[in-house]
$ cat my_file18.txt   # compact mmCIF, C-alpha atoms
# COMPACT_ATOMS: atom_id res chain seq x y z
CA MET A 647 58.05 -8.38 1.37
CA TYR A 648 56.65 -10.82 3.86
CA GLU A 649 52.93 -11.25 4.46
CA PHE A 650 52.05 -12.02 8.04
CA ASN A 651 48.97 -13.13 9.90
CA ARG A 652 49.72 -13.67 13.54
CA SER A 653 47.19 -14.36 16.25
CA GLU A 654 48.12 -14.02 19.89
CA ASP A 655 46.11 -15.11 22.91
CA CYS A 656 46.24 -12.40 25.53
CA MET A 657 43.89 -10.84 28.10
CA GLY A 658 41.43 -13.66 27.57
CA THR A 659 40.91 -12.75 23.93
CA VAL A 660 42.75 -12.99 20.62
CA PHE A 661 44.79 -10.26 18.93
CA ARG A 662 45.50 -10.60 15.25
CA PHE A 663 48.18 -8.74 13.30
CA HIS A 664 47.71 -8.99 9.58
CA GLY A 665 49.58 -7.24 6.82
CA ARG A 666 52.75 -6.92 4.82
CA SER A 667 56.26 -6.28 6.09
CA PRO A 668 59.21 -4.89 4.11
CA PHE A 669 61.50 -7.29 6.02
CA ASP A 670 62.09 -11.01 5.70
CA ALA A 671 60.18 -13.58 7.74
CA LEU A 672 62.75 -13.83 10.52
CA LYS A 673 63.01 -10.10 11.20
CA THR A 674 59.24 -9.67 10.87
CA ILE A 675 58.46 -12.43 13.35
CA GLU A 676 61.05 -11.05 15.73
CA LEU A 677 59.28 -7.65 15.66
CA LEU A 678 55.85 -9.27 16.02
CA VAL A 679 57.00 -11.19 19.09
CA LYS A 680 58.17 -7.93 20.65
CA ALA A 681 54.88 -6.25 19.75
CA CYS A 682 53.03 -9.10 21.45
CA GLU A 683 55.25 -8.73 24.47
CA ILE A 684 53.84 -5.19 24.86
CA LEU A 685 50.37 -6.74 25.11
CA HIS A 686 51.46 -9.29 27.70
CA GLU A 687 53.27 -6.66 29.72
CA ALA A 688 50.09 -4.55 29.85
CA ASP A 689 48.17 -7.65 30.93
CA ARG A 690 50.66 -8.34 33.73
CA THR A 691 50.34 -4.75 34.93
CA PHE A 692 46.61 -4.18 34.65
CA SER A 693 44.94 -7.56 35.08
CA LEU A 694 42.66 -7.76 38.08
CA TYR A 695 42.56 -11.53 37.51
CA LYS A 696 46.23 -11.78 38.42
CA GLU A 697 46.51 -11.59 42.17
CA ASN A 698 49.90 -9.90 42.23
CA SER A 699 49.52 -7.48 39.37
CA PRO A 700 50.23 -3.85 40.26
CA LEU A 701 46.57 -3.05 39.70
CA SER A 702 45.39 -5.82 42.03
CA ARG A 703 47.73 -4.49 44.69
CA LEU A 704 46.34 -1.00 44.14
CA ALA A 705 42.78 -2.32 44.41
CA ARG A 706 43.56 -4.04 47.74
CA GLY A 707 45.15 -0.86 49.03
CA GLU A 708 48.56 -2.52 49.32
CA ALA A 709 50.29 0.01 47.11
CA ALA A 710 49.87 3.68 46.35
CA ILE A 711 49.68 4.75 42.76
CA ARG A 712 53.06 6.54 42.87
CA GLU A 713 54.74 3.27 43.92
CA LEU A 714 53.49 1.48 40.83
CA PRO A 715 54.93 1.56 37.30
CA PRO A 716 54.43 5.06 35.79
CA VAL A 717 52.14 3.60 33.17
CA VAL A 718 49.47 3.10 35.86
CA SER A 719 49.21 6.79 36.62
CA GLU A 720 49.38 7.53 32.92
CA ILE A 721 46.22 5.42 32.41
CA TRP A 722 44.65 6.88 35.55
CA ASP A 723 45.10 10.42 34.22
CA ALA A 724 43.82 9.43 30.79
CA CYS A 725 40.72 7.86 32.34
CA GLU A 726 39.97 11.07 34.22
CA LEU A 727 40.19 12.99 30.98
CA TRP A 728 37.95 10.55 29.15
CA GLU A 729 35.41 10.72 31.94
CA LYS A 730 35.20 14.48 31.34
CA GLN A 731 35.18 14.09 27.57
CA THR A 732 32.17 11.74 27.75
CA ASP A 733 30.29 13.79 30.36
CA GLY A 734 30.79 11.03 32.88
CA TRP A 735 29.43 8.18 30.74
CA PHE A 736 32.83 6.52 30.75
CA SER A 737 34.21 5.80 34.18
CA ALA A 738 37.07 3.56 35.21
CA MET A 739 35.77 3.41 38.79
CA SER A 740 33.92 0.12 39.21
CA PRO A 741 30.66 -0.32 41.14
CA THR A 742 32.77 -1.36 44.14
CA ASN A 743 34.78 1.83 43.68
CA THR A 744 38.06 0.26 42.65
CA PHE A 745 40.09 1.55 39.72
CA ASP A 746 39.32 -0.87 36.92
CA PRO A 747 40.44 0.30 33.48
CA SER A 748 40.12 -3.24 32.04
CA GLY A 749 37.68 -1.97 29.44
CA ILE A 750 40.26 0.11 27.65
CA VAL A 751 43.56 -1.58 28.56
CA LYS A 752 43.09 -3.94 25.64
CA THR A 753 42.92 -1.19 23.01
CA TRP A 754 45.48 0.91 24.85
CA ALA A 755 47.96 -1.96 24.67
CA ALA A 756 46.95 -2.74 21.08
CA LYS A 757 47.70 0.84 20.09
CA ARG A 758 51.11 0.70 21.79
CA SER A 759 52.04 -2.54 20.06
CA ALA A 760 50.86 -1.26 16.67
CA GLU A 761 52.90 1.91 17.18
CA TYR A 762 55.92 -0.21 18.03
CA LEU A 763 55.68 -1.97 14.68
CA VAL A 764 55.18 1.30 12.79
CA GLU A 765 58.24 2.83 14.50
CA ASN A 766 60.24 -0.22 13.43
CA GLY A 767 59.27 -0.03 9.78
CA ILE A 768 56.19 -2.28 9.52
CA GLU A 769 53.40 0.07 8.48
CA ASP A 770 51.15 -1.83 6.11
CA PHE A 771 48.93 -3.81 8.50
CA THR A 772 45.79 -3.94 10.58
CA LEU A 773 45.41 -5.13 14.15
CA ASN A 774 42.24 -6.77 15.41
CA ALA A 775 42.19 -6.61 19.20
CA GLY A 776 39.51 -9.12 20.07
CA GLY A 777 36.92 -7.35 17.94
CA ASP A 778 38.27 -3.79 18.02
CA VAL A 779 40.12 -2.83 14.88
CA TRP A 780 43.14 -0.59 14.28
CA ILE A 781 43.95 0.32 10.70
CA GLY A 782 47.45 1.42 9.70
CA GLU A 783 47.85 4.73 7.93
CA LYS A 784 49.66 2.99 5.09
CA VAL A 785 47.59 -0.11 4.39
CA THR A 786 47.79 -0.99 0.72
CA THR A 787 44.82 -3.28 0.11
CA GLU A 788 41.20 -2.28 -0.43
CA LEU A 789 40.15 -5.01 1.94
CA ASP A 790 42.13 -3.61 4.87
CA TRP A 791 40.11 -0.39 4.77
CA ARG A 792 36.88 -2.31 5.11
CA VAL A 793 35.59 -3.46 8.45
CA GLY A 794 32.61 -5.72 8.94
CA ILE A 795 30.37 -5.09 11.91
CA HIS A 796 29.27 -8.24 13.61
CA LYS A 797 25.65 -8.92 14.42
CA PRO A 798 24.92 -8.49 18.14
CA VAL A 799 25.44 -12.19 18.78
CA SER A 800 28.47 -14.18 19.88
CA LEU A 801 31.15 -15.12 17.39
CA ALA A 802 30.38 -18.69 18.44
CA ALA A 803 26.63 -18.38 17.91
CA GLU A 804 24.85 -20.45 15.30
CA ASN A 805 23.75 -17.26 13.51
CA ALA A 806 27.12 -15.48 13.79
CA GLY A 807 28.02 -13.24 10.88
CA HIS A 808 28.40 -9.65 9.83
CA LEU A 809 25.54 -7.19 9.80
CA THR A 810 27.10 -4.60 7.54
CA VAL A 811 30.44 -3.31 6.26
CA ILE A 812 32.05 0.10 6.54
CA ASP A 813 34.86 1.47 4.39
CA LEU A 814 37.28 3.90 6.03
CA ARG A 815 39.43 4.71 3.00
CA GLY A 816 39.54 8.46 2.48
CA THR A 817 38.18 9.15 5.96
CA PRO A 818 40.19 10.37 8.95
CA TYR A 819 39.13 7.34 11.02
CA ARG A 820 41.58 4.57 11.91
CA GLY A 821 39.91 2.88 14.87
CA VAL A 822 36.70 0.83 15.14
CA ALA A 823 35.49 -0.35 18.54
CA THR A 824 32.38 -2.32 19.38
CA SER A 825 30.76 -2.78 22.76
CA GLY A 826 27.94 -5.18 23.46
CA SER A 827 26.69 -7.92 25.67
CA ALA A 828 26.91 -10.70 23.07
CA GLU A 829 30.19 -12.18 24.26
CA ARG A 830 30.65 -11.36 27.91
CA GLY A 831 27.15 -10.59 29.06
CA LEU A 832 26.27 -7.39 30.85
CA HIS A 833 29.77 -6.35 31.79
CA ILE A 834 29.57 -2.60 31.31
CA TRP A 835 28.42 -0.67 34.32
CA ASN A 836 26.37 2.47 34.01
CA PRO A 837 28.35 5.10 35.94
CA LYS A 838 25.22 7.23 36.36
CA ALA A 839 22.87 4.54 37.62
CA PRO A 840 22.30 3.94 41.33
CA GLY A 841 24.85 1.32 42.39
CA LYS A 842 26.37 1.62 38.90
CA VAL A 843 24.30 -1.37 37.79
CA ALA A 844 25.01 -2.88 34.39
CA ALA A 845 23.80 -1.00 31.34
CA ALA A 846 21.30 -2.99 29.29
CA THR A 847 19.28 -0.64 27.13
CA ILE A 848 20.90 -1.37 23.77
CA ALA A 849 22.32 -4.56 22.23
CA GLN A 850 25.51 -3.22 20.68
CA VAL A 851 27.28 -0.07 19.64
CA THR A 852 30.13 0.41 17.19
CA VAL A 853 32.16 3.61 17.36
CA VAL A 854 34.54 4.83 14.68
CA GLY A 855 37.18 7.43 15.48
CA ARG A 856 40.65 8.67 14.63
CA ASP A 857 42.14 6.95 17.64
CA LEU A 858 41.33 3.35 18.55
CA VAL A 859 41.50 3.88 22.32
CA GLU A 860 39.22 6.89 22.22
CA ALA A 861 36.80 5.01 19.97
CA ASP A 862 36.82 2.27 22.60
CA VAL A 863 36.19 4.80 25.37
CA TRP A 864 33.21 6.18 23.48
CA ALA A 865 31.90 2.71 22.68
CA THR A 866 31.90 1.90 26.39
CA ALA A 867 30.31 5.28 27.20
CA CYS A 868 27.66 4.89 24.49
CA PHE A 869 26.76 1.41 25.70
CA ALA A 870 26.24 2.82 29.17
CA GLU A 871 24.23 5.78 27.93
CA GLY A 872 22.09 3.78 25.52
CA GLU A 873 20.02 5.33 22.72
CA ARG A 874 20.63 8.88 23.85
CA ALA A 875 24.32 8.44 23.10
CA ILE A 876 23.58 9.15 19.44
CA GLU A 877 22.24 12.61 20.20
CA HIS A 878 25.05 13.10 22.71
CA LEU A 879 27.69 12.30 20.08
CA ASN A 880 26.04 14.47 17.43
CA THR A 881 26.28 17.38 19.86
CA TYR A 882 29.86 16.49 20.81
CA ASN A 883 30.84 16.23 17.15
CA ALA A 884 29.39 19.65 16.33
CA ALA A 885 31.63 21.13 19.01
CA ASN A 886 34.68 18.97 18.14
CA PRO A 887 34.73 18.61 14.36
CA SER A 888 38.45 17.80 14.29
CA ASN A 889 38.06 14.80 16.61
CA ASP A 890 34.58 13.50 15.92
CA PHE A 891 33.26 9.99 16.46
CA GLN A 892 30.60 8.19 14.45
CA ALA A 893 28.45 5.53 16.06
CA LEU A 894 26.03 2.81 15.00
CA VAL A 895 23.69 1.55 17.70
CA ILE A 896 21.76 -1.70 17.45
CA LYS A 897 18.80 -1.53 19.77
CA LEU A 898 17.45 -4.49 21.68
CA ASN A 899 14.68 -4.82 19.07
CA ASP A 900 17.33 -4.87 16.28
CA GLU A 901 16.45 -1.37 15.11
CA LEU A 902 19.43 0.71 13.98
CA MET A 903 20.38 4.24 15.04
CA ALA A 904 23.43 6.20 13.93
CA THR A 905 25.17 9.53 14.22
CA ASP A 906 24.82 12.01 11.37
CA GLY A 907 28.06 11.03 9.64
CA PHE A 908 27.80 7.28 9.87
CA ILE A 909 25.75 6.63 6.79
CA GLU A 910 28.59 7.88 4.57
CA LEU A 911 30.86 5.18 5.97
CA PHE A 912 28.93 2.20 4.66
CA ALA A 913 30.91 0.33 2.03
CA LYS A 914 29.87 0.65 -1.57
CA ASN A 915 30.52 -2.04 -4.13
CA MET B 242 -4.14 -11.07 14.13
CA GLY B 243 -1.14 -10.94 11.85
CA LYS B 244 -1.54 -7.23 11.60
CA ALA B 245 -1.37 -6.68 15.32
CA ARG B 246 1.72 -8.83 15.57
CA ASN B 247 3.41 -7.00 12.72
CA GLN B 248 2.74 -3.65 14.27
CA PHE B 249 4.56 -4.77 17.30
CA ALA B 250 7.53 -6.23 15.53
CA SER B 251 7.83 -4.04 12.46
CA THR B 252 11.48 -3.17 12.72
CA VAL B 253 12.42 -6.66 13.75
CA ILE B 254 11.06 -7.89 10.47
CA VAL B 255 13.01 -5.34 8.47
CA ILE B 256 16.24 -6.32 10.13
CA GLY B 257 15.14 -9.92 9.80
CA ALA B 258 15.41 -9.30 6.09
CA ILE B 259 18.99 -8.19 6.64
CA ALA B 260 19.70 -11.25 8.73
CA GLY B 261 18.20 -13.32 5.92
CA ALA B 262 20.78 -11.93 3.56
CA VAL B 263 23.50 -12.94 5.99
CA VAL B 264 22.61 -16.53 5.29
CA PHE B 265 23.60 -15.96 1.70
CA THR B 266 26.84 -14.24 2.52
CA GLN B 267 28.04 -17.20 4.61
CA LYS B 268 27.61 -16.89 8.28
CA ILE B 269 30.89 -18.33 9.45
CA THR B 270 33.78 -18.51 7.14
CA PRO B 271 36.06 -21.48 7.04
CA GLY B 272 39.70 -21.16 7.79
CA PHE B 273 41.57 -19.40 10.47
CA GLN B 274 42.16 -16.05 8.86
CA SER B 275 38.80 -15.76 7.21
CA LEU B 276 37.26 -15.81 10.66
CA PHE B 277 38.23 -12.18 10.78
CA GLN B 278 38.25 -11.42 7.12
CA GLY B 279 35.49 -10.89 4.68
CA ALA B 280 35.03 -14.24 3.17
CA ALA B 281 32.52 -13.91 0.42
CA THR B 282 35.31 -14.88 -1.95
CA THR B 283 36.58 -18.01 -0.33
CA SER B 284 33.96 -20.13 1.27
CA PRO B 285 31.08 -22.36 0.35
CA SER B 286 27.73 -20.92 1.22
CA ALA B 287 26.04 -21.88 4.43
CA ASN B 288 22.72 -21.86 2.65
CA PRO B 289 21.92 -25.39 1.51
CA SER B 290 19.99 -24.23 -1.53
CA ALA B 291 22.94 -22.21 -2.74
CA SER B 292 25.74 -24.51 -1.68
CA GLY B 293 28.39 -25.09 -4.27
CA THR B 294 31.19 -27.59 -4.18
CA GLY B 295 34.65 -26.29 -3.49
CA SER B 296 35.75 -22.74 -3.13
CA THR B 297 33.80 -20.97 -5.85
CA ALA B 298 30.10 -21.54 -5.70
CA ALA B 299 28.13 -21.36 -8.93
CA ASP B 300 26.76 -18.03 -10.08
CA GLN B 301 23.28 -17.66 -8.78
CA THR B 302 20.54 -15.14 -8.17
CA VAL B 303 18.20 -15.91 -5.33
CA GLN B 304 15.05 -14.08 -4.38
CA GLY B 305 13.83 -13.99 -0.84
CA ASP B 306 10.17 -14.21 0.02
CA PRO B 307 8.34 -10.89 0.28
CA VAL B 308 8.13 -9.96 3.94
CA ASN B 309 5.17 -7.91 5.05
CA TYR B 310 5.63 -5.57 7.89
CA GLN B 311 3.73 -2.72 9.44
CA PHE B 312 4.46 -0.16 6.78
CA GLY B 313 4.66 -2.24 3.65
CA THR B 314 6.58 -5.07 2.02
CA VAL B 315 10.27 -5.86 1.71
CA GLN B 316 11.76 -8.35 -0.71
CA LEU B 317 15.43 -8.94 -1.39
CA GLU B 318 17.39 -10.47 -4.20
CA VAL B 319 20.94 -11.71 -3.75
CA VAL B 320 23.25 -12.12 -6.72
CA ARG B 321 26.33 -14.29 -6.50
CA LYS B 322 28.96 -14.01 -9.22
CA SER B 323 32.30 -15.85 -9.22
CA GLY B 324 31.80 -16.85 -5.62
CA LYS B 325 31.16 -13.28 -4.48
CA ILE B 326 27.96 -11.66 -3.43
CA SER B 327 27.90 -9.04 -6.15
CA ALA B 328 24.58 -7.44 -5.28
CA VAL B 329 21.85 -7.38 -2.73
CA ASN B 330 18.91 -5.84 -4.54
CA LEU B 331 15.78 -4.51 -3.04
CA LEU B 332 13.03 -5.95 -5.19
CA GLN B 333 10.36 -4.33 -3.12
CA ALA B 334 10.64 -1.87 -0.31
CA THR B 335 7.36 -0.18 0.06
CA ALA B 336 6.12 1.95 2.85
CA THR B 337 2.40 1.91 2.33
CA ASN B 338 1.41 4.43 4.89
CA GLY B 339 4.21 6.79 4.18
CA ARG B 340 6.44 6.31 7.19
CA GLN B 341 9.90 6.98 5.77
CA GLY B 342 11.53 5.89 8.98
CA ALA B 343 10.20 2.40 8.52
CA PHE B 344 12.71 1.65 5.83
CA SER B 345 15.21 4.36 6.46
CA PRO B 346 18.22 5.27 4.35
CA LEU B 347 20.24 3.99 7.31
CA VAL B 348 18.86 0.49 7.10
CA GLN B 349 18.99 0.58 3.33
CA SER B 350 22.66 1.62 3.28
CA ALA B 351 23.59 -0.91 5.95
CA LEU B 352 21.91 -3.57 3.92
CA GLN B 353 23.56 -2.63 0.66
CA ALA B 354 26.98 -2.56 2.33
CA GLN B 355 26.54 -6.07 3.64
CA GLY B 356 27.34 -7.71 0.34
CA THR B 357 30.83 -6.21 0.19
CA ASN B 358 34.06 -7.81 1.33
CA PHE B 359 36.04 -6.76 4.37
CA GLY B 360 39.41 -7.31 6.00
CA ASN B 361 38.46 -7.27 9.67
CA LEU B 362 35.43 -7.90 11.78
CA SER B 363 34.49 -5.68 14.70
CA GLY B 364 32.28 -7.03 17.46
CA ALA B 365 31.92 -7.23 21.20
CA THR B 366 35.19 -8.44 22.74
CA TYR B 367 35.07 -12.17 22.27
CA THR B 368 36.61 -14.64 24.63
CA VAL B 369 39.34 -17.04 23.60
CA ASP B 370 36.75 -19.79 24.12
CA ALA B 371 34.20 -18.20 21.79
CA PHE B 372 36.93 -17.69 19.23
CA LYS B 373 38.01 -21.32 19.38
CA GLN B 374 34.44 -22.54 19.25
CA ALA B 375 33.76 -20.40 16.19
CA LEU B 376 36.95 -21.65 14.60
CA THR B 377 36.05 -25.29 15.22
CA SER B 378 32.60 -24.70 13.82
CA ALA B 379 34.04 -22.98 10.75
CA ILE B 380 36.52 -25.75 10.09
CA SER B 381 33.81 -28.38 10.40
CA LYS B 382 31.95 -26.65 7.57
CA LEU B 383 34.86 -26.95 5.14
CA LYS B 384 33.92 -29.16 2.25

$ encode --input "my_file18.txt" --output "C-alpha cells"
Amino acid sequence: MYEFNRSEDCMGTVFRFHGRSPFDALKTIELLVKACEILHEADRTFSLYKENSPLSRLARGEAAIRELPPVVSEIWDACELWEKQTDGWFSAMSPTNTFDPSGIVKTWAAKRSAEYLVENGIEDFTLNAGGDVWIGEKVTTELDWRVGIHKPVSLAAENAGHLTVIDLRGTPYRGVATSGSAERGLHIWNPKAPGKVAAATIAQVTVVGRDLVEADVWATACFAEGERAIEHLNTYNAANPSNDFQALVIKLNDELMATDGFIELFAKN
Amino acid sequence: MGKARNQFASTVIVIGAIAGAVVFTQKITPGFQSLFQGAATTSPSANPSASGTGSTAADQTVQGDPVNYQFGTVQLEVVRKSGKISAVNLLQATATNGRQGAFSPLVQSALQAQGTNFGNLSGATYTVDAFKQALTSAISKLK
C-alpha cells in the first residue's frame, strides 16, 4: 500500500490526486504520471490560449470539426446534450459565437484521468480538479467522503476558509463542482442575456451530482441562471430522480439557498 | 438608527456569525496538503486569543458576542478539544418576530457542519497563482 498526494499544474490551475494505491511507489507514480498526461493532452487539444490547439484552429475557421481529433466532436455532442438538459442555461457557444467548452474541459479531463487510474487498479482516492472534487467509489477514509465548501472568496484572500462541510458517504453523489466569481472574476456568460453578458446575480453555487462533469455543467448553468436555478433544479430533480443534482447557492448578500435535498448532505459530527 | 441598518443587513449578520466561526476553525491551513484538506486537526489557530503552540492547541471553549439582527439575536460557542473543533453551539438563536426564515434550518445545518473535518475543498476554480499565494501565506503561518 502506497499513500500518494500528487499535485499537477495544468490548465492554469492545480489538480490533486490523493489516496492509497495497492502498488508500490514506483508503479503508483508511473500510473499517476500517465493520468496527468491525460490532463495535459486535453489541455493541448482544447486550450484557446494555445494558438495551434485544434480548438483554436476550429475557432479561427481553419479546420472543420471532422478534421480534428474525434474527442472534439465527442465534447461538441455532449455540450449540445447538456444545453438541452439545462434548458439552455449551459452553453458552450461563447458571446463571440465560438465553440468554447473551457468551462467543462477541466472536469471532463479529470474524470478521464480518474477513470484511467481506476481501470489500472488504483481505486481508493479523490481528485481535486482546481476546486471541483471527484470521489472514488471505493474510498476508505471518513475524511475522503467529506468535502468542504469554500467561502465565496479567493483561496488567496485574507479571509479564505470553508463555509460548511458536506458528507457524501451513503449518498449516490461522487462529484462536487463549484462556480463563482471569487477566483477568475465574472467569467461565466449568461447564454440567455442579450449579448450573452456575464452572469452576476449570485456569488457562488456548489452542485453535487453522481457525475463530476454533469455537476460542473449544472454549476455553470446555475451560476448563469442565478437564484431561480434552485427552483429549476427542484423541478428537474422531480422529473429525474435517478440523476438528480443538489445545489447550494450563496447570494451576493451572503444569504444561502439550496435545493430540497441539500440539507441532508451537511456533515454531522 | 441601528435598527434601520440591521433591517437592511439582517442576513449578512447571520452569515457573519458563520464567518466568525471560521476564524476559530483556522482560515488557512499550513502545509501543502492541508490546503485542500480539512485541517482542524493539524494547525494552530488563526485566532490570536485561541492560538496554541505547536500542532495541538489547548482545549478551549470560546463564546462569541451576541449579534443582534433584524429578527432576534444569535450567539455562538465554539469548543475545541484535542486540537479539533468538537462543537459549534448555538447559545442563542432567537427570532423575535417569528420569521422562521431568518435563521433557517439551512443556515443552522450549514453552520453545524462547519466544525467537522473534510478531505477536499470545493470552490471556484482557482488559478495557479492564487494557489501559490495561499500556500505561501499558509506556510508563513506555521509556528

$ closest_atom_pairs --input "my_file18.txt" --of "chain B" --to "chain A" --cutoff "7 Å" --atoms "only C-alpha atoms" --output "CSV"
residue,atom,partner,partner_atom,distance
B:Thr252,CA,A:Glu901,CA,5.8
B:Val253,CA,A:Asp900,CA,5.8
B:Ile256,CA,A:Asp900,CA,6.4
B:Val263,CA,A:Gly807,CA,6.7
B:Lys268,CA,A:Gly807,CA,4.5
B:Ile269,CA,A:Gly807,CA,6.0
B:Leu347,CA,A:Ile909,CA,6.1
B:Val348,CA,A:Leu902,CA,6.9
B:Ser350,CA,A:Phe912,CA,6.4
B:Ala351,CA,A:Thr810,CA,5.3
B:Leu352,CA,A:Thr810,CA,6.4
B:Ala354,CA,A:Ala913,CA,4.9
B:Gln355,CA,A:Thr810,CA,4.2
B:Thr357,CA,A:Asn915,CA,6.0
B:Asn358,CA,A:Leu789,CA,6.7
B:Phe359,CA,A:Arg792,CA,4.6
B:Gly360,CA,A:Leu789,CA,4.7
B:Asn361,CA,A:Val793,CA,4.9
B:Leu362,CA,A:Gly794,CA,4.6
B:Ser363,CA,A:Gly777,CA,4.4
B:Gly364,CA,A:Gly777,CA,4.7
B:Ala365,CA,A:Ser825,CA,4.9
B:Thr366,CA,A:Gly776,CA,5.1
B:Tyr367,CA,A:Glu829,CA,5.3
B:Thr368,CA,A:Thr659,CA,4.7
B:Val369,CA,A:Thr659,CA,4.6
B:Ala371,CA,A:Ala802,CA,5.1
B:Phe372,CA,A:Leu801,CA,6.6
B:Gln374,CA,A:Ala802,CA,5.7
B:Ala375,CA,A:Ala802,CA,4.4

$ residues_around --input "my_file18.txt" --residues "Asn836 of chain A" --least-positions-apart "5" --cutoff "9 Å" --atoms "only C-alpha atoms" --output "list in words"
Trp735, Phe736, Ser737, Pro741, Gly841, Lys842, Val843, Ala844, Ala845, Ala846, Ala867, Phe869, Ala870 and Glu871 of chain A

$ atom_distance --input "my_file18.txt" --atom1 "atom CA of Leu704 of chain A" --atom2 "atom CA of Ile750 of chain A"
17.6 Å

$ atom_distance --input "my_file18.txt" --atom1 "atom CA of Asn880 of chain A" --atom2 "atom CA of Asp906 of chain A"
6.7 Å

$ closest_residue --input "my_file18.txt" --among "B:Asp370, B:Thr302, B:Pro346, B:Thr377" --to "Gly324 of chain B" --atoms "all atoms listed in the file"
B:Thr302

$ closest_residue --input "my_file18.txt" --among "A:Asp746, A:Glu687, A:Asp733, A:Glu649" --to "Val717 of chain A" --atoms "all atoms listed in the file"
A:Glu687

$ residues_around --input "my_file18.txt" --residues "segment 858-860 of chain A" --least-positions-apart "2" --cutoff "6 Å" --atoms "only C-alpha atoms" --output "JSON, numbers by chain"
{"A": [753, 754, 821, 862, 863]}

$ atom_distance --input "my_file18.txt" --atom1 "atom CA of Lys730 of chain A" --atom2 "atom CA of Pro840 of chain A"
19.4 Å

$ residues_near_point --input "my_file18.txt" --point "(54.7, 2.8, 36.1)" --cutoff "12 Å" --atoms "all atoms listed in the file" --output "list in words"
Glu687, Ala688, Thr691, Phe692, Ser699, Pro700, Leu701, Ala710, Ile711, Arg712, Glu713, Leu714, Pro715, Pro716, Val717, Val718, Ser719, Glu720, Ile721 and Trp722 of chain A

$ closest_residue --input "my_file18.txt" --among "A:Arg666, A:Arg874, A:Arg856, A:His686" --to "Ala756 of chain A" --atoms "only C-alpha atoms"
A:His686
